[in-house]
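Next comes structure09.cif, a file with mmCIF, C-alpha atoms and all ligand atoms.
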data_coords
#
loop_
_atom_site.label_atom_id
_atom_site.label_comp_id
_atom_site.auth_asym_id
_atom_site.auth_seq_id
_atom_site.Cartn_x
_atom_site.Cartn_y
_atom_site.Cartn_z
CA MET A 1 -9.20 14.31 1.11
CA THR A 2 -7.23 13.25 4.04
CA ILE A 3 -6.02 9.89 3.05
CA GLY A 4 -2.99 9.08 5.11
CA ARG A 5 -3.73 11.62 7.80
CA SER A 6 -6.37 12.28 10.46
CA ARG A 7 -7.54 8.77 10.02
CA GLY A 8 -10.77 8.11 11.79
CA PRO A 9 -11.65 4.95 13.61
CA ALA A 10 -12.76 3.25 10.39
CA GLY A 11 -9.63 4.30 8.55
CA ARG A 12 -7.46 1.26 8.74
CA GLY A 13 -4.14 1.17 6.96
CA PRO A 14 -4.29 -0.23 3.45
CA ARG A 15 -1.96 -3.10 4.24
CA SER A 16 -4.17 -4.35 7.08
CA VAL A 17 -7.27 -4.70 4.91
CA PRO A 18 -7.57 -7.49 2.35
CA LYS A 19 -8.23 -6.13 -1.11
CA PRO A 20 -11.18 -7.19 -3.25
CA LYS A 21 -10.07 -9.40 -6.15
CA ARG A 22 -11.22 -6.87 -8.67
CA LEU A 23 -8.67 -4.32 -7.45
CA ALA A 24 -5.73 -6.59 -8.19
CA HIS A 25 -4.74 -4.68 -11.34
CA LEU A 26 -4.58 -1.25 -9.70
CA ARG A 27 -1.14 0.24 -9.16
CA ILE A 28 -0.18 0.89 -5.55
CA ASP A 29 1.13 4.20 -4.21
CA PRO A 30 4.16 4.26 -1.91
CA ARG A 31 1.96 4.12 1.19
CA GLY A 32 0.19 1.02 -0.04
CA TYR A 33 -3.04 2.58 -1.29
CA PRO A 34 -4.44 1.24 -4.54
CA ILE A 35 -4.56 4.12 -7.02
CA ILE A 36 -8.22 4.35 -7.94
CA ALA A 37 -9.36 5.00 -11.50
CA ALA A 38 -10.92 8.41 -10.87
CA ILE A 39 -7.76 10.23 -9.82
CA GLY A 40 -4.66 11.36 -11.71
CA GLN A 41 -1.98 8.70 -11.68
CA ALA A 42 1.23 10.56 -12.45
CA PRO A 43 4.12 9.24 -10.36
CA GLY A 44 4.79 11.45 -7.35
CA ASP A 45 1.52 13.28 -7.84
CA ILE A 46 -1.10 10.95 -6.39
CA ASP A 47 -3.80 13.02 -4.74
CA PHE A 48 -6.83 11.04 -3.68
CA GLY A 49 -8.77 14.26 -3.28
CA ALA A 50 -8.29 15.45 -6.83
CA LEU A 51 -10.77 13.74 -9.07
CA SER A 52 -9.78 13.97 -12.71
CA GLU A 53 -12.47 15.27 -15.05
CA SER A 54 -10.70 13.58 -17.97
CA ARG A 55 -10.93 10.29 -16.17
CA LYS A 56 -14.55 10.91 -15.22
CA LEU A 57 -15.40 11.38 -18.90
CA ALA A 58 -13.79 8.03 -19.69
CA LEU A 59 -15.61 6.38 -16.77
CA ALA A 60 -18.94 7.83 -17.93
CA THR A 61 -18.43 6.94 -21.59
CA PHE A 62 -17.36 3.36 -20.98
CA ASP A 63 -19.61 3.02 -17.91
CA LEU A 64 -16.92 1.92 -15.47
CA CYS A 65 -16.53 1.88 -11.69
CA ALA A 66 -14.58 4.91 -10.44
CA VAL A 67 -12.45 2.75 -8.16
CA CYS A 68 -11.54 -0.35 -10.19
CA ALA A 69 -12.33 0.76 -13.78
CA LEU A 70 -14.31 -2.42 -14.45
CA PRO A 71 -17.88 -2.46 -15.81
CA PHE A 72 -20.95 -2.66 -13.61
CA GLY A 73 -22.65 -5.54 -15.36
CA GLU A 74 -25.72 -6.37 -13.29
CA GLU A 75 -24.28 -4.88 -10.09
CA LEU A 76 -25.73 -1.76 -8.52
CA ARG A 77 -24.08 1.65 -8.78
CA TRP A 78 -23.14 2.91 -5.33
CA GLN A 79 -22.71 6.42 -4.10
CA VAL A 80 -21.47 7.50 -0.69
CA SER A 81 -23.05 10.32 1.28
CA PHE A 82 -22.84 11.70 4.78
CA ASP A 83 -26.24 13.19 5.39
CA GLU A 84 -29.44 11.27 5.69
CA ALA A 85 -31.53 13.44 3.34
CA THR A 86 -29.10 12.90 0.47
CA ALA A 87 -28.81 9.22 1.26
CA MET A 88 -32.59 8.71 1.27
CA ALA A 89 -33.36 10.61 -1.94
CA LYS A 90 -34.67 8.56 -4.84
CA THR A 91 -32.26 10.20 -7.23
CA LEU A 92 -28.81 11.46 -6.42
CA VAL A 93 -26.74 13.92 -8.40
CA SER A 94 -23.08 13.79 -7.52
CA ASN A 95 -19.89 15.10 -9.01
CA GLU A 96 -18.41 11.70 -8.30
CA ALA A 97 -18.81 8.70 -10.57
CA PRO A 98 -20.54 5.68 -9.02
CA VAL A 99 -18.68 2.59 -7.85
CA HIS A 100 -19.28 -1.09 -7.11
CA GLU A 101 -20.53 -1.93 -3.63
CA ILE A 102 -17.39 -3.78 -2.64
CA CYS A 103 -15.23 -0.98 -4.00
CA ALA A 104 -17.18 1.55 -1.91
CA LEU A 105 -16.91 -0.60 1.21
CA TYR A 106 -13.21 -1.16 0.69
CA ALA A 107 -12.64 2.55 0.20
CA ALA A 108 -14.64 3.26 3.36
CA GLN A 109 -12.32 0.84 5.16
CA VAL A 110 -8.97 2.17 4.15
CA CYS A 111 -9.94 5.80 3.85
CA PRO A 112 -13.07 7.37 5.26
CA PHE A 113 -12.81 10.22 2.81
CA VAL A 114 -12.57 8.30 -0.43
CA SER A 115 -15.68 9.19 -2.40
CA SER A 116 -16.50 11.92 0.03
CA PRO A 117 -18.25 15.04 -1.15
CA TYR A 118 -15.70 17.00 0.86
CA ALA A 119 -12.81 15.40 -0.90
CA ARG A 120 -12.76 17.56 -3.96
CA HIS A 121 -13.68 20.95 -2.62
CA GLY A 122 -10.35 22.11 -1.39
CA ASP A 123 -9.12 23.14 1.97
CA ASP A 124 -11.76 25.80 2.66
CA VAL A 125 -14.46 23.24 2.98
CA ARG A 126 -12.35 20.63 4.60
CA LYS A 127 -10.78 22.89 7.16
CA GLY A 128 -11.71 21.87 10.63
CA MET A 129 -14.09 19.26 9.38
CA LYS A 130 -14.10 16.06 11.31
CA ARG A 131 -14.94 12.77 9.80
CA PRO A 132 -18.73 12.52 9.69
CA GLU A 133 -20.10 10.07 12.21
CA ILE A 134 -22.26 8.15 9.80
CA THR A 135 -21.51 6.98 6.30
CA TYR A 136 -24.44 6.17 4.03
CA LEU A 137 -24.03 4.01 0.97
CA THR A 138 -26.82 3.86 -1.57
CA GLY A 139 -27.02 1.29 -4.36
CA PHE A 140 -28.79 2.55 -7.50
CA ARG A 141 -30.00 0.53 -10.46
CA ARG A 142 -29.20 3.08 -13.14
CA THR A 143 -26.96 5.94 -14.05
CA ALA A 144 -29.63 8.07 -15.69
CA ARG A 145 -27.67 11.13 -16.79
CA VAL A 146 -24.14 12.46 -16.95
CA PHE A 147 -23.57 16.11 -17.82
CA GLY A 148 -21.17 18.99 -17.32
CA ARG A 149 -22.28 21.70 -14.94
CA ARG A 150 -20.68 24.30 -12.76
CA SER A 151 -20.29 23.06 -9.25
CA GLY A 152 -20.96 25.38 -6.35
CA LEU A 153 -17.38 25.91 -5.37
CA GLN A 154 -15.76 25.85 -8.76
CA THR A 155 -17.37 28.64 -10.68
CA SER A 156 -15.10 29.14 -13.65
CA GLU A 157 -15.31 25.72 -15.20
CA SER A 158 -17.76 22.87 -15.07
CA VAL A 159 -17.33 19.41 -13.70
CA LEU A 160 -19.13 16.26 -14.73
CA HIS A 161 -22.15 15.28 -12.67
CA PHE A 162 -23.61 11.80 -12.41
CA GLU A 163 -27.30 11.27 -11.75
CA THR A 164 -28.06 7.84 -10.35
CA THR A 165 -31.60 6.65 -9.82
CA GLY A 166 -33.63 3.59 -8.81
CA VAL A 167 -32.58 2.94 -5.22
CA GLU A 168 -32.35 -0.77 -4.50
CA GLN A 169 -30.18 -0.99 -1.41
CA GLN A 170 -29.04 1.23 1.41
CA LEU A 171 -26.36 0.79 4.01
CA LYS A 172 -25.88 2.95 7.05
CA LEU A 173 -22.51 2.57 8.69
CA SER A 174 -22.50 4.21 12.11
CA THR A 175 -19.41 2.64 13.61
CA SER A 176 -16.13 1.26 12.40
CA THR A 177 -17.31 -2.19 13.47
CA GLU A 178 -20.32 -1.91 11.18
CA ALA A 179 -18.10 -0.80 8.34
CA ILE A 180 -15.73 -3.73 8.89
CA GLU A 181 -18.60 -6.21 9.10
CA ALA A 182 -20.28 -4.90 5.96
CA TYR A 183 -16.99 -5.18 4.10
CA GLN A 184 -16.41 -8.71 5.42
CA ARG A 185 -19.84 -9.77 4.15
CA ALA A 186 -19.14 -8.24 0.77
CA LEU A 187 -15.76 -10.01 0.60
CA GLU A 188 -17.35 -13.37 1.38
CA THR A 189 -19.74 -13.12 -1.53
CA ASP A 190 -17.37 -11.30 -3.86
CA VAL A 191 -17.02 -12.77 -7.29
CA GLU A 192 -14.51 -11.96 -9.93
CA VAL A 193 -15.91 -9.60 -12.53
CA THR A 194 -16.21 -11.36 -15.88
CA ILE A 195 -15.05 -9.08 -18.66
CA ASP A 196 -14.07 -9.46 -22.28
CA ASP A 197 -10.75 -8.51 -23.85
CA THR A 198 -11.88 -5.04 -24.88
CA GLU A 199 -13.09 -4.24 -21.36
CA ARG A 200 -9.80 -5.55 -19.94
CA GLU A 201 -7.87 -3.35 -22.34
CA LEU A 202 -9.86 -0.24 -21.30
CA ALA A 203 -9.25 -0.95 -17.62
CA THR A 204 -5.56 -1.51 -18.27
CA ARG A 205 -5.10 1.64 -20.33
CA LEU A 206 -6.97 3.67 -17.74
CA THR A 207 -5.03 2.41 -14.73
CA GLU A 208 -1.53 2.12 -16.15
CA LEU A 209 0.79 4.96 -17.04
CA THR A 210 1.22 5.80 -20.71
CA ILE A 211 3.56 3.34 -22.34
CA LYS A 212 5.68 5.88 -24.15
CA ASP A 213 6.19 8.58 -21.56
CA GLY A 214 5.14 7.00 -18.27
CA GLU A 215 2.56 9.73 -17.72
CA ASP A 216 -0.99 9.74 -16.46
CA SER A 217 -3.25 8.25 -19.13
CA GLY A 218 -6.27 10.35 -18.14
CA SER A 219 -6.16 12.87 -20.95
CA VAL A 220 -5.43 10.37 -23.72
CA MET A 221 -8.28 8.24 -22.41
CA ALA A 222 -10.55 11.29 -22.44
CA GLY A 223 -9.59 11.81 -26.09
CA ALA A 224 -10.42 8.19 -26.84
CA ALA A 225 -13.72 8.56 -24.99
CA TRP A 226 -14.45 11.75 -26.95
CA PHE A 227 -14.19 9.84 -30.25
CA ALA A 228 -16.43 7.06 -28.95
CA GLY A 229 -19.21 9.54 -28.12
CA GLY A 230 -18.03 11.46 -25.05
CA ALA A 231 -18.04 14.48 -27.39
CA PHE A 232 -21.85 14.40 -27.19
CA CYS A 233 -22.11 14.54 -23.39
CA PRO A 234 -24.24 17.61 -22.54
CA GLY A 235 -22.11 20.49 -21.34
CA VAL A 236 -18.83 18.62 -21.78
CA GLY A 237 -17.19 21.49 -23.66
CA ASN A 238 -16.95 23.61 -20.50
CA VAL A 239 -15.67 20.86 -18.28
CA GLN A 240 -12.17 21.20 -16.83
CA GLY A 241 -9.52 19.88 -19.19
CA MET A 242 -11.82 19.56 -22.21
CA ARG A 243 -10.92 22.78 -23.95
CA ARG A 244 -8.25 21.06 -26.01
CA PHE A 245 -10.98 18.92 -27.56
CA THR A 246 -13.29 21.82 -28.37
CA GLU A 247 -10.55 24.16 -29.62
CA GLU A 248 -9.32 21.64 -32.14
CA PRO A 249 -12.22 20.85 -34.54
CA MET A 250 -10.63 17.55 -35.51
CA TYR A 251 -11.72 15.87 -32.29
CA THR A 252 -15.43 16.44 -32.70
CA ALA A 253 -15.23 15.95 -36.47
CA LEU A 254 -13.84 12.48 -35.87
CA ALA A 255 -16.43 11.76 -33.18
CA ARG A 256 -19.14 12.72 -35.66
CA GLN A 257 -17.63 10.48 -38.29
CA VAL A 258 -17.60 7.57 -35.86
CA LEU A 259 -21.26 8.26 -35.17
CA LEU A 260 -22.54 9.05 -38.65
CA GLU A 261 -20.38 7.42 -41.26
CA PRO A 262 -21.02 3.72 -41.73
CA GLY A 263 -17.83 1.73 -41.51
CA PHE A 264 -15.69 4.57 -40.21
CA ALA A 265 -15.65 3.34 -36.61
CA LYS A 266 -14.36 -0.01 -37.85
CA LYS A 267 -11.64 1.65 -39.91
CA PHE A 268 -10.70 3.93 -37.04
CA GLU A 269 -9.96 0.80 -34.99
CA GLU A 270 -6.77 0.50 -37.01
CA THR A 271 -5.34 3.77 -35.72
CA GLU A 272 -1.89 3.50 -34.23
CA ASP A 273 -3.07 5.26 -31.11
CA LEU A 274 -3.39 2.59 -28.46
CA TYR A 275 -6.03 4.47 -26.52
CA THR A 276 -8.32 5.31 -29.41
CA ARG A 277 -7.93 1.75 -30.64
CA ALA A 278 -9.00 0.37 -27.24
CA ALA A 279 -12.04 2.67 -27.22
CA LEU A 280 -13.11 1.85 -30.77
CA LYS A 281 -12.63 -1.88 -30.37
CA TRP A 282 -14.78 -1.73 -27.29
CA LEU A 283 -17.40 0.40 -29.05
CA ASN A 284 -17.55 -1.79 -32.15
CA SER A 285 -17.88 -5.00 -30.18
CA ARG A 286 -20.84 -3.98 -27.98
CA ASP A 287 -24.20 -5.59 -28.66
CA ASP A 288 -25.75 -2.91 -26.50
CA LEU A 289 -24.08 0.31 -25.49
CA PRO A 290 -24.33 1.48 -21.89
CA GLU A 291 -27.37 3.65 -21.31
CA ILE A 292 -25.48 6.91 -20.91
CA LEU A 293 -23.41 6.61 -24.07
CA ALA A 294 -26.40 5.34 -26.06
CA GLY A 295 -28.38 8.39 -24.93
CA TRP A 296 -25.63 10.84 -25.92
CA ARG A 297 -25.27 9.24 -29.31
CA ASN A 298 -29.01 9.12 -29.98
CA THR A 299 -29.39 12.79 -29.19
CA ALA A 300 -26.49 13.65 -31.48
CA LEU A 301 -27.93 11.44 -34.24
CA ASN A 302 -31.30 13.13 -33.98
CA ARG A 303 -29.64 16.51 -34.21
CA ALA A 304 -27.72 15.44 -37.30
CA TRP A 305 -30.86 14.09 -38.95
CA HIS A 306 -32.76 17.25 -38.25
CA GLY A 307 -30.00 19.38 -39.60
CA ARG A 308 -29.05 21.10 -36.40
CA PRO A 309 -25.41 21.19 -35.50
CA SER A 310 -24.41 19.15 -32.53
CA PRO A 311 -23.37 21.32 -29.59
CA GLY A 312 -19.75 20.25 -29.66
CA LYS A 313 -19.33 20.98 -33.36
CA SER A 314 -16.99 23.73 -34.25
CA SER A 315 -17.82 26.23 -36.93
CA GLY A 316 -14.47 25.56 -38.53
CA GLY A 317 -16.00 24.05 -41.64
CA THR A 318 -13.90 20.92 -41.63
CA ASP A 319 -14.69 18.47 -44.37
CA PRO A 320 -14.12 15.19 -42.59
CA LYS A 321 -13.86 13.11 -45.75
CA LYS A 322 -11.28 15.20 -47.52
CA SER A 323 -9.08 15.60 -44.53
CA LYS A 324 -9.49 12.20 -42.98
CA ARG A 325 -5.88 11.20 -43.20
CA LYS A 326 -4.68 14.52 -41.90
CA LEU A 327 -7.17 14.33 -39.06
CA GLN A 328 -6.16 10.85 -38.10
CA SER A 329 -2.52 11.68 -37.87
CA ALA A 330 -3.35 14.85 -36.00
CA ALA A 331 -5.48 12.79 -33.66
CA ARG A 332 -2.59 10.57 -32.90
CA ARG A 333 -0.29 13.49 -32.26
CA LYS A 334 -2.74 15.40 -30.10
CA ASN A 335 -3.82 12.42 -28.20
CA ARG A 336 -0.31 11.79 -26.98
CA ARG A 337 0.10 15.21 -25.55
ZN ZN A 401 -15.24 -1.32 -8.73
#
Represent the structure contained in this file as structure tokens.
Ligand SMILES: [Zn+2]
Amino acid sequence: MTIGRSRGPAGRGPRSVPKPKRLAHLRIDPRGYPIIAAIGQAPGDIDFGALSESRKLALATFDLCAVCALPFGEELRWQVSFDEATAMAKTLVSNEAPVHEICALYAAQVCPFVSSPYARHGDDVRKGMKRPEITYLTGFRRTARVFGRRSGLQTSESVLHFETTGVEQQLKLSTSTEAIEAYQRALETDVEVTIDDTERELATRLTELTIKDGEDSGSVMAGAAWFAGGAFCPGVGNVQGMRRFTEEPMYTALARQVLLEPGFAKKFEETEDLYTRAALKWLNSRDDLPEILAGWRNTALNRAWHGRPSPGKSSGGTDPKKSKRKLQSAARRKNRR
């Protein structure tokens, strides 16, 4: 990711481009770039090329835009690509979480490499690579699957992949003028995203530093997402940064309790942990869960009903009922790490 350097013709400085309304809550880095939801947010350590797997799990679980951390509602889910074959495919699998159209167009304005497939692959891939001539943006109706899988260049651990499907719109931006015009059109019709208090709280927790220590909130939000059902994402146990949740049986035990034990999710809302509370309040107040989370939970429920252990379950033999209090206080401790 070359934000701030080797800026191509479409890469205008962040201060010269008006921001979409829905980015107003994002913190700003010293150069003026809004700090997007998908990257680590620790002060002095803002790297727009380093997507955070912890954050991606939260984005997938709560079904949020990877730039602004707000829900999609009825809006399409956009992915950016640089080759025509990928852009024209009916289904796209990316290791980047989808974004709103206006968030994608804004990112394309201020930084040609935001949301780029090159961004996260390190210097070997990026070396000598010029900004691609053409940027394709594809708007999908659905996020059909999210799962952990090894990515080609990172062989030791997995990363989360997002499969979007149901192409409804395509944009091909061949010149900086086209990119500017497309963004202008999007700005003119931009509306504020209507969200409820629980969605606002999730976006705030995800994009602000931790209250106690002023650290990146990515891992505590991943813990909160784990309890809400992120634990049941296929392949999540091997994803970067998730080992702490699989090594400590309490995390998945609590996630299973939220899923299986009537009333527990409501009680868990009262936890002192701000992040878990935000996640549970959101979960408990949904009439319909986002498709991805609903799918993970249904699969886990079916497994439980048919007596097969869920993949994330440890063999530790925890009795969730007996050790509930212990687990809850442990959850709070661990989650603050
Ligand atoms: Zn957005």
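Residues of protein or nucleic acid lying within 6 Å of ligand ZN 401 (chain A), counting all atoms listed in the file, are A:Cys65, A:Val67, A:Cys68, A:Leu70, A:Val99, A:His100, A:Cys103.
Among the candidates A:Gly152, A:Pro262, A:Gly139, A:Gly218, the one nearest to A:Ile36 when counting only C-alpha atoms is A:Gly218.
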Could you name the residues that touch A:Pro290 at 12 Å or less, counting all atoms listed in the file, but leaving out those on the same chain fewer than 4 positions away, as a PDB file with C-alpha atoms, keeping the file's coordinate frame?
ATOM      1  CA  LEU A  59     -15.610   6.380 -16.770  1.00  0.00           C
ATOM      2  CA  ALA A  60     -18.940   7.830 -17.930  1.00  0.00           C
ATOM      3  CA  THR A  61     -18.430   6.940 -21.590  1.00  0.00           C
ATOM      4  CA  PHE A  62     -17.360   3.360 -20.980  1.00  0.00           C
ATOM      5  CA  ASP A  63     -19.610   3.020 -17.910  1.00  0.00           C
ATOM      6  CA  LEU A  64     -16.920   1.920 -15.470  1.00  0.00           C
ATOM      7  CA  PRO A  71     -17.880  -2.460 -15.810  1.00  0.00           C
ATOM      8  CA  PHE A  72     -20.950  -2.660 -13.610  1.00  0.00           C
ATOM      9  CA  GLY A  73     -22.650  -5.540 -15.360  1.00  0.00           C
ATOM     10  CA  GLU A  74     -25.720  -6.370 -13.290  1.00  0.00           C
ATOM     11  CA  ARG A 142     -29.200   3.080 -13.140  1.00  0.00           C
ATOM     12  CA  THR A 143     -26.960   5.940 -14.050  1.00  0.00           C
ATOM     13  CA  ALA A 144     -29.630   8.070 -15.690  1.00  0.00           C
ATOM     14  CA  ARG A 145     -27.670  11.130 -16.790  1.00  0.00           C
ATOM     15  CA  ALA A 228     -16.430   7.060 -28.950  1.00  0.00           C
ATOM     16  CA  GLY A 229     -19.210   9.540 -28.120  1.00  0.00           C
ATOM     17  CA  TRP A 282     -14.780  -1.730 -27.290  1.00  0.00           C
ATOM     18  CA  LEU A 283     -17.400   0.400 -29.050  1.00  0.00           C
ATOM     19  CA  ARG A 286     -20.840  -3.980 -27.980  1.00  0.00           C
ATOM     20  CA  ALA A 294     -26.400   5.340 -26.060  1.00  0.00           C
ATOM     21  CA  GLY A 295     -28.380   8.390 -24.930  1.00  0.00           C
ATOM     22  CA  TRP A 296     -25.630  10.840 -25.920  1.00  0.00           C
ATOM     23  CA  ARG A 297     -25.270   9.240 -29.310  1.00  0.00           C
TER      24      ARG A 297
END
Q | Answer as JSON, numbers by chain, residues within 10 Å of (-1.6, -2.4, -10.9) using only C-alpha atoms | A | {"A": [23, 24, 25, 26, 27, 28, 29, 34, 35, 36, 204, 207, 208, 209]}
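Proximity ranking of A:Arg277, A:Ala97, A:Ser81, A:Met250 relative to A:Ile39 places A:Ala97 first, based on all atoms listed in the file.
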(Q) Please list as number ranges by chain every residue within 8 Å of A:Val167, counting all atoms listed in the file and excluding residues in the same chain fewer than 6 positions away. (A) A: 90-91, 138-141
Q: Please indicate the distance in Å from atom CA of A:Ser151 to atom CA of A:Asn95, rounded to one decimal place.
A: 8.0 Å
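In this model, the gap between atom CA of A:Trp78 and atom CA of A:Ala231 comes to 25.4 Å.
For the choices A:Pro18, A:Gly13, A:Gly148, A:Gly44, the atom-to-atom distance to A:Asn238 is smallest for A:Gly148 when using only C-alpha atoms.
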Q: Could you check which of A:Ala50, A:Thr198, A:Ala87, A:Tyr136 is closest to A:Leu173, using all atoms listed in the file?
A: A:Tyr136
Q: Would you please work out which residue, of A:Lys19, A:His161, A:Arg150, A:Arg205, is nearest to A:Ala104 when using all atoms listed in the file?
A: A:Lys19
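Closest to A:Leu202 among A:Gln170, A:Leu259, A:Ala58, A:Trp226 is A:Ala58, based on all atoms listed in the file.
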Q: Neighbourhood query: residues within 12 Å of (-19.3, -10.1, -2.0), file coordinates, counting only C-alpha atoms; return as an MDAnalysis selection string.
A: chainID A and resid 19:22 75 100:106 181:193
Reconstructed stretch 25-36 of chain A, atom set N, CA and C atoms, as a compact mmCIF listing (two decimals), keeping the file's coordinate frame:
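Generated file (out-v6.txt):
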# COMPACT_ATOMS: atom_id res chain seq x y z
N HIS A 25 -5.52 -5.31 -10.26
CA HIS A 25 -4.74 -4.68 -11.34
C HIS A 25 -4.35 -3.24 -11.04
N LEU A 26 -4.90 -2.66 -9.96
CA LEU A 26 -4.58 -1.25 -9.70
C LEU A 26 -3.14 -1.11 -9.21
N ARG A 27 -2.48 -0.06 -9.66
CA ARG A 27 -1.14 0.24 -9.16
C ARG A 27 -1.27 0.71 -7.70
N ILE A 28 -0.16 0.58 -6.98
CA ILE A 28 -0.18 0.89 -5.55
C ILE A 28 0.73 2.10 -5.30
N ASP A 29 0.27 3.04 -4.50
CA ASP A 29 1.13 4.20 -4.21
C ASP A 29 2.12 3.82 -3.11
N PRO A 30 3.11 4.67 -2.85
CA PRO A 30 4.16 4.26 -1.91
C PRO A 30 3.65 3.91 -0.50
N ARG A 31 2.49 4.44 -0.14
CA ARG A 31 1.96 4.12 1.19
C ARG A 31 1.13 2.84 1.20
N GLY A 32 0.93 2.28 0.02
CA GLY A 32 0.19 1.02 -0.04
C GLY A 32 -1.25 1.16 -0.50
N TYR A 33 -1.66 2.39 -0.84
CA TYR A 33 -3.04 2.58 -1.29
C TYR A 33 -3.17 2.24 -2.77
N PRO A 34 -4.18 1.45 -3.11
CA PRO A 34 -4.44 1.24 -4.54
C PRO A 34 -4.83 2.56 -5.18
N ILE A 35 -4.29 2.85 -6.35
CA ILE A 35 -4.56 4.12 -7.02
C ILE A 35 -5.84 3.95 -7.83
N ILE A 36 -6.90 4.57 -7.35
CA ILE A 36 -8.22 4.35 -7.94
C ILE A 36 -8.33 5.05 -9.30
